[in-house]
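**Q** The following file, structure-v9.tsv, comprises TSV, C-alpha atoms and all ligand atoms:
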```tsv
chain	number	residue	atom	x	y	z
A	27	MET	CA	-62.25	69.99	-65.52
A	28	TYR	CA	-60.14	70.64	-68.59
A	29	PRO	CA	-58.92	74.19	-69.06
A	30	ASN	CA	-60.55	74.13	-72.48
A	31	SER	CA	-64.00	73.46	-71.10
A	32	LEU	CA	-63.70	76.61	-68.98
A	33	ARG	CA	-62.84	78.52	-72.10
A	34	PHE	CA	-65.80	76.91	-73.83
A	35	MET	CA	-68.08	77.98	-70.96
A	36	TYR	CA	-66.83	81.51	-71.34
A	37	PHE	CA	-67.44	81.70	-75.07
A	38	HIS	CA	-70.81	80.07	-74.61
A	39	ALA	CA	-71.73	82.84	-72.14
A	40	ILE	CA	-70.48	85.53	-74.51
A	41	ALA	CA	-72.49	84.02	-77.37
A	42	LEU	CA	-75.58	84.23	-75.16
A	43	CYS	CA	-74.77	87.82	-74.29
A	44	MET	CA	-74.75	88.68	-77.97
A	45	GLN	CA	-78.39	87.65	-78.20
A	46	ASP	CA	-80.31	90.46	-76.63
A	47	GLU	CA	-83.40	88.38	-76.01
A	48	LEU	CA	-81.66	86.01	-73.57
A	49	PRO	CA	-80.29	88.24	-70.79
A	50	GLU	CA	-81.07	85.89	-67.89
A	51	GLU	CA	-79.34	82.97	-69.60
A	52	CYS	CA	-76.36	85.15	-70.33
A	53	ILE	CA	-76.00	86.26	-66.70
A	54	LYS	CA	-76.46	82.66	-65.53
A	55	ALA	CA	-73.79	81.40	-67.94
A	56	LEU	CA	-71.39	84.11	-66.74
A	57	ASP	CA	-72.09	83.18	-63.10
A	58	ASP	CA	-71.53	79.49	-63.89
A	59	PHE	CA	-68.17	80.35	-65.37
A	60	LEU	CA	-67.23	82.62	-62.43
A	61	ALA	CA	-68.17	79.88	-59.96
A	62	LEU	CA	-65.68	77.46	-61.51
A	63	ALA	CA	-62.88	79.64	-62.84
A	64	PRO	CA	-59.77	80.21	-60.72
A	65	LYS	CA	-59.32	83.83	-59.60
A	66	ASP	CA	-56.41	84.48	-61.96
A	67	HIS	CA	-58.20	83.14	-65.06
A	68	ASP	CA	-57.76	85.77	-67.75
A	69	LYS	CA	-61.50	85.89	-68.52
A	70	VAL	CA	-62.67	86.61	-64.96
A	71	PRO	CA	-62.44	90.43	-65.19
A	72	ALA	CA	-64.14	90.29	-68.61
A	73	CYS	CA	-67.08	88.38	-67.08
A	74	TYR	CA	-67.56	91.05	-64.43
A	75	TYR	CA	-67.31	93.77	-67.06
A	76	ARG	CA	-69.92	91.93	-69.14
A	77	LYS	CA	-72.26	91.85	-66.17
A	78	ALA	CA	-71.57	95.54	-65.50
A	79	THR	CA	-72.38	96.33	-69.14
A	80	TYR	CA	-75.64	94.44	-68.85
A	81	TYR	CA	-76.71	96.27	-65.68
A	82	LEU	CA	-75.69	99.61	-67.12
A	83	SER	CA	-78.00	98.99	-70.08
A	84	LYS	CA	-80.78	98.19	-67.59
A	85	GLU	CA	-80.03	101.40	-65.65
A	86	ASP	CA	-79.48	99.25	-62.57
A	87	ASN	CA	-76.77	101.47	-61.10
A	88	ASN	CA	-76.15	99.54	-57.89
A	89	ASN	CA	-75.36	96.33	-59.76
A	90	PHE	CA	-73.41	98.23	-62.39
A	91	TYR	CA	-71.11	99.76	-59.76
A	92	ALA	CA	-70.79	96.51	-57.85
A	93	PHE	CA	-69.76	94.44	-60.88
A	94	PHE	CA	-67.52	97.04	-62.45
A	95	LYS	CA	-65.71	97.29	-59.13
A	96	LYS	CA	-65.41	93.49	-58.99
A	97	GLY	CA	-63.90	93.63	-62.46
A	98	LEU	CA	-61.30	96.15	-61.31
A	99	GLU	CA	-60.54	94.02	-58.27
A	100	ALA	CA	-60.26	90.88	-60.38
A	101	GLU	CA	-57.67	92.59	-62.57
A	102	ARG	CA	-55.37	92.64	-59.56
A	103	ASP	CA	-55.34	88.85	-59.56
A	104	GLN	CA	-54.21	88.70	-63.16
A	105	LEU	CA	-50.76	87.56	-64.13
A	106	PRO	CA	-48.59	90.47	-65.27
A	107	CYS	CA	-48.51	89.09	-68.86
A	108	PHE	CA	-52.24	89.89	-69.20
A	109	LEU	CA	-51.81	93.50	-68.10
A	110	PRO	CA	-52.85	96.12	-68.95
A	111	TYR	CA	-56.13	94.26	-69.12
A	112	GLN	CA	-58.00	94.55	-72.39
A	113	PHE	CA	-61.77	94.69	-72.52
A	114	PRO	CA	-63.40	96.37	-75.52
A	115	MET	CA	-65.92	98.50	-73.60
A	116	LYS	CA	-63.82	99.22	-70.54
A	117	ASP	CA	-63.21	102.90	-71.36
A	118	MET	CA	-66.91	103.50	-71.78
A	119	LEU	CA	-67.69	101.67	-68.51
A	120	MET	CA	-64.96	103.57	-66.68
A	121	LYS	CA	-66.46	106.86	-67.82
A	122	ALA	CA	-69.90	105.86	-66.57
A	123	TYR	CA	-68.35	104.72	-63.30
A	124	ILE	CA	-66.44	107.95	-62.69
A	125	HIS	CA	-69.01	110.30	-64.10
A	126	GLY	CA	-72.04	108.83	-62.37
A	127	GLY	CA	-70.58	107.81	-59.10
A	128	MET	CA	-66.96	108.84	-58.64
A	129	ALA	CA	-64.81	105.82	-58.09
A	130	GLU	CA	-66.60	104.77	-54.91
A	131	GLY	CA	-70.13	103.74	-55.76
A	132	PRO	CA	-73.52	105.30	-55.35
A	133	SER	CA	-73.50	106.35	-51.69
A	134	ALA	CA	-70.16	108.16	-51.89
A	135	SER	CA	-71.39	109.84	-55.02
A	136	ARG	CA	-74.46	111.12	-53.24
A	137	GLN	CA	-72.29	112.43	-50.43
A	138	LEU	CA	-70.04	114.22	-52.88
A	139	LYS	CA	-72.97	115.67	-54.79
A	140	ASN	CA	-74.35	117.02	-51.51
A	141	ILE	CA	-71.05	118.71	-50.79
A	142	LEU	CA	-70.84	120.20	-54.26
A	143	SER	CA	-74.43	121.43	-54.24
A	144	ASP	CA	-74.07	123.22	-50.89
A	145	PRO	CA	-72.97	126.80	-51.69
A	146	MET	CA	-72.83	127.72	-47.98
A	147	ARG	CA	-70.25	125.06	-47.29
A	148	LYS	CA	-68.09	126.21	-50.17
A	149	LEU	CA	-68.34	129.83	-49.07
A	150	MET	CA	-67.42	129.05	-45.46
A	151	ILE	CA	-64.50	126.83	-46.38
A	152	THR	CA	-63.05	129.21	-48.95
A	153	GLU	CA	-63.42	132.12	-46.50
A	154	ASN	CA	-61.75	130.11	-43.76
A	155	ARG	CA	-58.90	129.33	-46.15
A	156	GLY	CA	-58.62	132.97	-47.14
A	157	PHE	CA	-58.14	133.83	-43.47
A	158	LEU	CA	-55.71	131.00	-43.01
A	159	MET	CA	-53.59	132.22	-45.94
A	160	ASN	CA	-53.45	135.77	-44.57
A	161	ILE	CA	-52.57	134.67	-41.06
A	162	CYS	CA	-49.93	132.21	-42.19
A	163	ALA	CA	-48.38	134.82	-44.47
A	164	ASP	CA	-48.36	137.40	-41.67
A	165	PRO	CA	-48.43	135.72	-38.23
A	166	THR	CA	-48.48	139.10	-36.47
A	167	LEU	CA	-51.97	139.71	-37.85
A	168	LEU	CA	-54.48	139.90	-35.01
A	169	VAL	CA	-58.05	139.97	-36.15
A	170	ASN	CA	-60.73	140.60	-33.60
A	171	THR	CA	-63.82	139.17	-35.21
A	172	VAL	CA	-66.22	138.85	-32.31
A	173	SER	CA	-67.33	141.51	-29.84
A	174	LYS	CA	-66.93	140.93	-26.11
A	175	PRO	CA	-69.08	138.04	-24.90
A	176	LEU	CA	-72.34	139.03	-23.29
A	177	ASN	CA	-72.72	135.73	-21.50
A	178	SER	CA	-70.50	133.03	-20.11
A	179	PRO	CA	-71.19	129.33	-19.66
A	180	LYS	CA	-71.28	127.64	-16.26
A	181	PRO	CA	-68.21	125.54	-15.38
A	182	PRO	CA	-68.25	122.40	-17.54
A	183	LYS	CA	-69.69	119.17	-16.19
A	184	TRP	CA	-69.46	116.10	-18.39
A	185	THR	CA	-72.35	114.28	-16.77
A	186	SER	CA	-76.07	114.27	-17.61
A	187	LEU	CA	-75.62	116.40	-20.72
A	188	LYS	CA	-78.43	116.69	-23.23
A	189	PRO	CA	-77.55	116.42	-26.91
A	190	ILE	CA	-78.09	119.44	-29.13
A	191	MET	CA	-77.74	119.97	-32.90
A	192	ILE	CA	-76.77	123.11	-34.80
A	193	LYS	CA	-80.34	123.57	-36.05
A	194	ASP	CA	-81.59	123.66	-32.43
A	195	MET	CA	-79.50	126.76	-31.68
A	196	ASP	CA	-81.20	130.05	-32.58
A	197	PRO	CA	-78.76	132.05	-34.73
A	198	THR	CA	-80.50	135.34	-33.93
A	199	ILE	CA	-79.99	135.10	-30.16
A	200	ASP	CA	-76.67	135.44	-28.30
A	201	LYS	CA	-77.11	132.45	-26.00
A	202	VAL	CA	-75.19	129.82	-24.04
A	203	TYR	CA	-76.78	126.37	-24.24
A	204	ASP	CA	-75.75	125.33	-20.73
A	205	GLY	CA	-75.90	121.64	-19.98
A	206	TYR	CA	-76.00	120.65	-23.66
A	207	VAL	CA	-73.42	118.85	-25.76
A	208	LEU	CA	-72.95	119.36	-29.49
A	209	ASP	CA	-71.32	116.45	-31.34
A	210	ALA	CA	-69.81	117.21	-34.74
A	211	LYS	CA	-66.73	116.78	-36.88
A	212	ILE	CA	-64.22	119.34	-38.12
A	213	ILE	CA	-64.33	119.88	-41.89
A	214	ASP	CA	-61.44	122.29	-42.49
A	215	PHE	CA	-58.03	123.19	-41.12
A	216	GLY	CA	-57.99	125.36	-38.04
A	217	MET	CA	-56.30	128.71	-37.82
A	218	LEU	CA	-55.45	131.13	-35.07
A	219	ILE	CA	-57.05	134.52	-34.83
A	220	LYS	CA	-57.55	135.45	-31.18
A	221	SER	CA	-59.00	132.01	-30.78
A	222	SER	CA	-58.46	128.81	-32.72
A	223	ALA	CA	-61.14	128.89	-35.38
A	224	THR	CA	-62.41	126.24	-37.75
A	225	ILE	CA	-65.61	124.82	-39.25
A	226	ILE	CA	-67.68	121.92	-37.98
A	227	GLN	CA	-70.49	119.81	-39.40
A	228	ASP	CA	-73.02	117.83	-37.38
A	229	GLU	CA	-74.87	114.60	-38.21
A	230	ASN	CA	-77.65	116.55	-39.97
A	231	GLY	CA	-75.09	118.01	-42.34
A	232	ASP	CA	-75.47	121.51	-40.87
A	233	ILE	CA	-72.26	123.49	-40.64
A	234	GLN	CA	-71.06	126.27	-38.37
A	235	ARG	CA	-67.88	128.10	-37.46
A	236	ILE	CA	-66.38	127.58	-34.03
A	237	ALA	CA	-63.87	129.62	-32.03
A	238	VAL	CA	-61.95	127.90	-29.25
A	239	TYR	CA	-60.45	130.25	-26.66
A	240	LYS	CA	-57.57	129.87	-24.20
A	241	TRP	CA	-55.86	126.99	-26.01
A	242	PRO	CA	-52.49	126.49	-24.25
A	243	SER	CA	-49.67	128.34	-26.02
A	244	LYS	CA	-46.67	126.49	-27.47
A	245	GLY	CA	-44.38	129.42	-26.78
A	246	ASN	CA	-44.67	131.69	-29.80
A	247	ARG	CA	-47.31	132.75	-32.25
A	248	LYS	CA	-46.01	130.77	-35.21
A	249	LYS	CA	-46.00	127.57	-33.18
A	250	ASP	CA	-49.50	128.38	-31.94
A	251	ILE	CA	-50.73	128.78	-35.53
A	252	ALA	CA	-49.13	125.44	-36.36
A	253	GLU	CA	-50.85	123.88	-33.36
A	254	ALA	CA	-54.26	125.21	-34.51
A	255	ILE	CA	-53.73	123.75	-37.99
A	256	LYS	CA	-52.65	120.36	-36.67
A	257	VAL	CA	-55.07	119.92	-33.75
A	258	PHE	CA	-58.21	121.28	-35.42
A	259	ARG	CA	-57.84	119.36	-38.66
A	260	PRO	CA	-60.47	117.81	-40.91
A	261	ASN	CA	-62.32	114.71	-39.69
A	262	VAL	CA	-61.39	115.15	-36.03
A	263	LYS	CA	-64.55	114.62	-33.98
A	264	VAL	CA	-65.54	117.27	-31.48
A	265	SER	CA	-67.92	117.33	-28.54
A	266	ILE	CA	-68.65	120.84	-27.36
A	267	ILE	CA	-70.16	121.28	-23.94
A	268	SER	CA	-72.40	124.27	-23.26
A	269	PRO	CA	-71.97	125.71	-26.78
A	270	TYR	CA	-72.35	129.47	-27.02
A	271	MET	CA	-74.04	130.75	-30.20
A	272	ARG	CA	-72.76	134.21	-31.09
A	273	MET	CA	-73.04	136.74	-33.85
A	274	SER	CA	-69.64	137.90	-35.06
A	275	ARG	CA	-68.74	141.36	-36.36
A	276	ASP	CA	-69.23	140.30	-39.97
A	277	GLY	CA	-72.85	139.45	-39.12
A	278	LYS	CA	-72.29	135.72	-39.28
A	279	ASN	CA	-72.62	133.21	-36.51
A	280	ILE	CA	-69.88	131.48	-34.65
A	281	ILE	CA	-70.00	129.01	-31.78
A	282	ARG	CA	-67.80	130.19	-28.94
A	283	VAL	CA	-65.96	127.57	-26.88
A	284	GLU	CA	-64.71	129.09	-23.65
A	285	GLY	CA	-61.63	126.93	-23.25
A	286	PRO	CA	-60.11	123.45	-23.63
A	287	LYS	CA	-62.28	122.20	-20.77
A	288	TYR	CA	-65.39	122.79	-22.89
A	289	ILE	CA	-64.33	120.67	-25.83
A	290	LYS	CA	-63.32	117.05	-26.37
A	291	LEU	CA	-61.40	116.10	-29.49
A	292	ASP	CA	-61.21	112.58	-30.90
A	293	ASP	CA	-58.83	112.07	-33.81
A	294	THR	CA	-59.32	108.28	-34.12
A	295	PHE	CA	-59.49	107.47	-37.87
A	296	ALA	CA	-59.21	111.19	-38.74
A	297	ASP	CA	-56.15	110.50	-40.84
A	298	GLU	CA	-57.83	107.62	-42.65
A	299	LYS	CA	-60.58	109.84	-44.03
A	300	CYS	CA	-60.76	112.05	-47.10
A	301	THR	CA	-60.19	115.73	-46.26
A	302	PHE	CA	-62.72	116.70	-48.89
A	303	CYS	CA	-65.61	114.22	-48.71
A	304	GLY	CA	-64.97	112.60	-45.33
A	305	LYS	CA	-65.08	109.05	-46.64
A	306	GLN	CA	-63.07	106.54	-44.61
A	307	THR	CA	-61.04	104.46	-47.02
A	308	LYS	CA	-57.54	104.11	-48.39
A	309	VAL	CA	-56.45	107.74	-48.62
A	310	LEU	CA	-53.39	109.34	-50.16
A	311	ALA	CA	-51.79	112.45	-48.70
A	312	CYS	CA	-51.26	115.54	-50.81
A	313	SER	CA	-47.64	115.11	-51.86
A	314	ALA	CA	-46.91	118.81	-51.41
A	315	CYS	CA	-48.20	119.51	-47.87
A	316	ASN	CA	-48.63	115.96	-46.55
A	317	MET	CA	-51.56	117.33	-44.51
A	318	ALA	CA	-54.61	116.96	-46.77
A	319	ARG	CA	-55.71	113.41	-47.57
A	320	TYR	CA	-57.87	112.24	-50.45
A	321	CYS	CA	-59.89	109.17	-51.39
A	322	SER	CA	-59.74	109.92	-55.11
A	323	LYS	CA	-58.24	112.14	-57.79
A	324	GLU	CA	-61.69	113.64	-58.15
A	325	CYS	CA	-61.81	114.89	-54.56
A	326	GLN	CA	-58.25	116.16	-54.76
A	327	LYS	CA	-58.97	118.06	-57.95
A	328	ILE	CA	-62.14	119.75	-56.69
A	329	ASP	CA	-60.49	120.65	-53.40
A	330	TRP	CA	-57.44	122.08	-55.17
A	331	ILE	CA	-59.28	124.16	-57.73
A	332	GLU	CA	-62.70	125.00	-56.36
A	333	PHE	CA	-62.04	125.05	-52.61
A	334	ASN	CA	-58.59	126.61	-52.90
A	335	HIS	CA	-56.41	123.94	-51.37
A	336	LYS	CA	-54.01	125.47	-53.89
A	337	GLY	CA	-53.88	128.63	-51.78
A	338	ILE	CA	-53.24	127.01	-48.40
A	339	CYS	CA	-51.08	124.04	-49.46
A	340	LYS	CA	-47.68	125.73	-49.11
A	341	HIS	CA	-48.68	127.24	-45.75
A	342	LEU	CA	-49.85	123.89	-44.44
A	343	LYS	CA	-46.51	122.49	-45.51
A	344	SER	CA	-44.34	125.10	-43.81
A	345	TYR	CA	-46.40	125.29	-40.61
A	346	SER	CA	-46.81	121.55	-40.19
A	347	ALA	CA	-43.02	121.30	-40.04
A	348	LEU	CA	-42.87	123.61	-36.98
A	401	ZN	ZN	-63.07	112.02	-51.07
A	402	ZN	ZN	-51.49	120.12	-50.12
```
If you took the structure in this file and wrote it as structure tokens, what would it be?

**A**
Amino acid sequence: MYPNSLRFMYFHAIALCMQDELPEECIKALDDFLALAPKDHDKVPACYYRKATYYLSKEDNNNFYAFFKKGLEAERDQLPCFLPYQFPMKDMLMKAYIHGGMAEGPSASRQLKNILSDPMRKLMITENRGFLMNICADPTLLVNTVSKPLNSPKPPKWTSLKPIMIKDMDPTIDKVYDGYVLDAKIIDFGMLIKSSATIIQDENGDIQRIAVYKWPSKGNRKKDIAEAIKVFRPNVKVSIISPYMRMSRDGKNIIRVEGPKYIKLDDTFADEKCTFCGKQTKVLACSACNMARYCSKECQKIDWIEFNHKGICKHLKSYSAL
């Protein structure tokens, strides 16, 4: 095939696209071109953007996201002389892509919208961070948040456990769920009060605070605070055996974990997930603290401003170095 006939195919497809009454032919002509064109052909991204434009006009969001993303990917195969890549409607498409779905497509967008529309989650995380800031600023601070336990779990046994979810635990009753295991993931950085405390979320999306007692000391309080921040970090999976639902002094619930023997931590992939939305993807660390990781500018911005990463960032930095 002559290079010119490829170019002809492309302009033929574009001409079809201009005629609103022939959308199927237009898409077919674009696909014909894409099937034959080498990956680095300068019109390949434009074809994907054309398709994205078409699906956007049809309000077919899944196809819009898919083809816009293909366009972005195809730009990477372009020779440097064609960059930055010009496509007349790209700015408009980019806005629709970011606005409607963040840069990750419809499912990530739904996940992020759930996070943003959950006021409880925001409250718990910002409170946790408020605590963390105070404790990091004054490590001698000892806050006793929970009254003496009324109950205690039986010694842990990791066999024949029954699964339990947060919603199955009655928040109005001080009770040990002996013989049960609660699987969840950590969603914020840990801190050290009398116990190591952080926030977890289970598969249903329910969230709860946890307090882990008797974690082995690293020698001094500052190092122990650093240990809590590093060990109980976002996206580490936890399995809690015989979880103990308690009411703390501020009237809120907290799940008490009697000691390291009652909890299993799994940090596989934890550092490949977004601190804010939990998505596993290519993440970039916050350049200031090198502790928080983000999948997108969007997540980083919301976490910084609305969830006060701004307040804890410098503390995470200084303590993670200990
Ligand atoms: Zn994210
Ligand atoms: Zn940071």

**Q** With all atoms listed in the file as the atoms that count, which of A:Met271, A:Met217, A:Ile199, A:Val207 lies nearest to Phe157 (chain A)?

**A** A:Met217

**Q** Counting only C-alpha atoms, I want the residues whose atoms come within 12 Å of (-52.5, 134.2, -43.6) in the file frame, returned as a PyMOL selection string.

**A** chain A and resi 153-169+216-219+248+251-252+255+337-342+345

**Q** One number please: CA of Tyr288 (chain A) to CA of Ser178 (chain A), in Å, one decimal.

**A**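 Between these atoms lies a distance of 11.8 Å.
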
**Q** Name all residues at most 6 Å from Arg319 (chain A) (count all atoms listed in the file; drop same-chain ones fewer than 5 positions away) and give them as JSON, numbers by chain.

**A** {"A": [300, 301, 309, 310, 311, 312]}

**Q** Need to verify the contact set: Ala61 (chain A), 12 Å, all atoms listed in the file, exclusion of same-chain residues closer than 3 positions in sequence. Can you return it as a PyMOL selection string?

**A** chain A and resi 32+35-36+54-58+64-65+67+70+73

**Q** Quick one: residues within 8 Å of ligand ZN 401 (chain A), with only C-alpha atoms and all ligand atoms, as number ranges by chain?

**A** A: 138, 299-305, 320-322, 324-326

**Q** Residues as selected, C-alpha atoms, written as a CSV table (one decimal), in the frame of the given file, can you do that?

**A**
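Below is the file that was written, result_30.csv:
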```
chain,number,residue,atom,x,y,z
A,138,LEU,CA,-70.0,114.2,-52.9
A,299,LYS,CA,-60.6,109.8,-44.0
A,300,CYS,CA,-60.8,112.0,-47.1
A,301,THR,CA,-60.2,115.7,-46.3
A,302,PHE,CA,-62.7,116.7,-48.9
A,303,CYS,CA,-65.6,114.2,-48.7
A,304,GLY,CA,-65.0,112.6,-45.3
A,305,LYS,CA,-65.1,109.0,-46.6
A,320,TYR,CA,-57.9,112.2,-50.4
A,321,CYS,CA,-59.9,109.2,-51.4
A,322,SER,CA,-59.7,109.9,-55.1
A,324,GLU,CA,-61.7,113.6,-58.2
A,325,CYS,CA,-61.8,114.9,-54.6
A,326,GLN,CA,-58.2,116.2,-54.8
```

**Q** Looking at all atoms listed in the file, which of A:Phe215, A:Asn87, A:Ala122, A:Ala237 is the one that sits closest to ligand ZN 402 (chain A)?

**A**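 Checking each candidate against ligand ZN 402 (chain A), we get A:Phe215 as the closest.
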
**Q** Please report the interatomic distance between CA of Pro175 (chain A) and CA of Phe258 (chain A) in Å with one decimal.

**A**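 Taking CA of Pro175 (chain A) and CA of Phe258 (chain A), their separation equals 22.6 Å.
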
**Q** In Å, how far is it from CA of Ile141 (chain A) to CA of Ser346 (chain A)?

**A**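 Going from CA of Ile141 (chain A) over to CA of Ser346 (chain A) covers 26.6 Å.
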
**Q** Name the closest residue to ligand ZN 402 (chain A) among the candidates A:Ser344, A:Ser313, A:Asn89, A:Asn140; distances are taken between atoms, counting all atoms listed in the file.

**A**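 Going through A:Ser344, A:Ser313, A:Asn89, A:Asn140 one by one, the smallest distance to ligand ZN 402 (chain A) is for A:Ser313.
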
**Q** So, counting all atoms listed in the file, which residue among A:Thr198, A:Ser221, A:Asn316, A:Asn30 is closest to ligand ZN 402 (chain A)?

**A**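 Closest candidate: A:Asn316.
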
**Q** Which residue is closest to Lys287 (chain A)? Choose from A:Lys211, A:Gly245, A:Trp184, A:Ile226 and count all atoms listed in the file.

**A**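 Nearest candidate to Lys287 (chain A) out of A:Lys211, A:Gly245, A:Trp184, A:Ile226: A:Trp184.
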
**Q** Hey, what's within 10 Å of Leu187 (chain A) if we count only C-alpha atoms and toss same-chain stuff fewer than 2 positions away? As a list in words, please?

**A**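 Within the cut-off, the hits are Lys183, Trp184, Thr185, Pro189, Ile190, Asp204, Gly205, Tyr206, Val207, Leu208, Ile267 and Ser268 of chain A.
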
**Q** My list of candidates is A:Ser143, A:Thr152, A:Asn334, A:Gln45. Which is closest to ligand ZN 402 (chain A) when distances are computed with all atoms listed in the file?

**A**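 With all atoms listed in the file as the atom set, the closest residue is A:Asn334.
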
**Q** Compute the distance from (-63.7, 126.9, -37.2) to each atom, counting all atoms listed in the file, keep the residues with any atom at most 6 Å away, and return them as a ChimeraX atom specification; use the coordinates of the file.

**A** /A:216,223-225,235-237
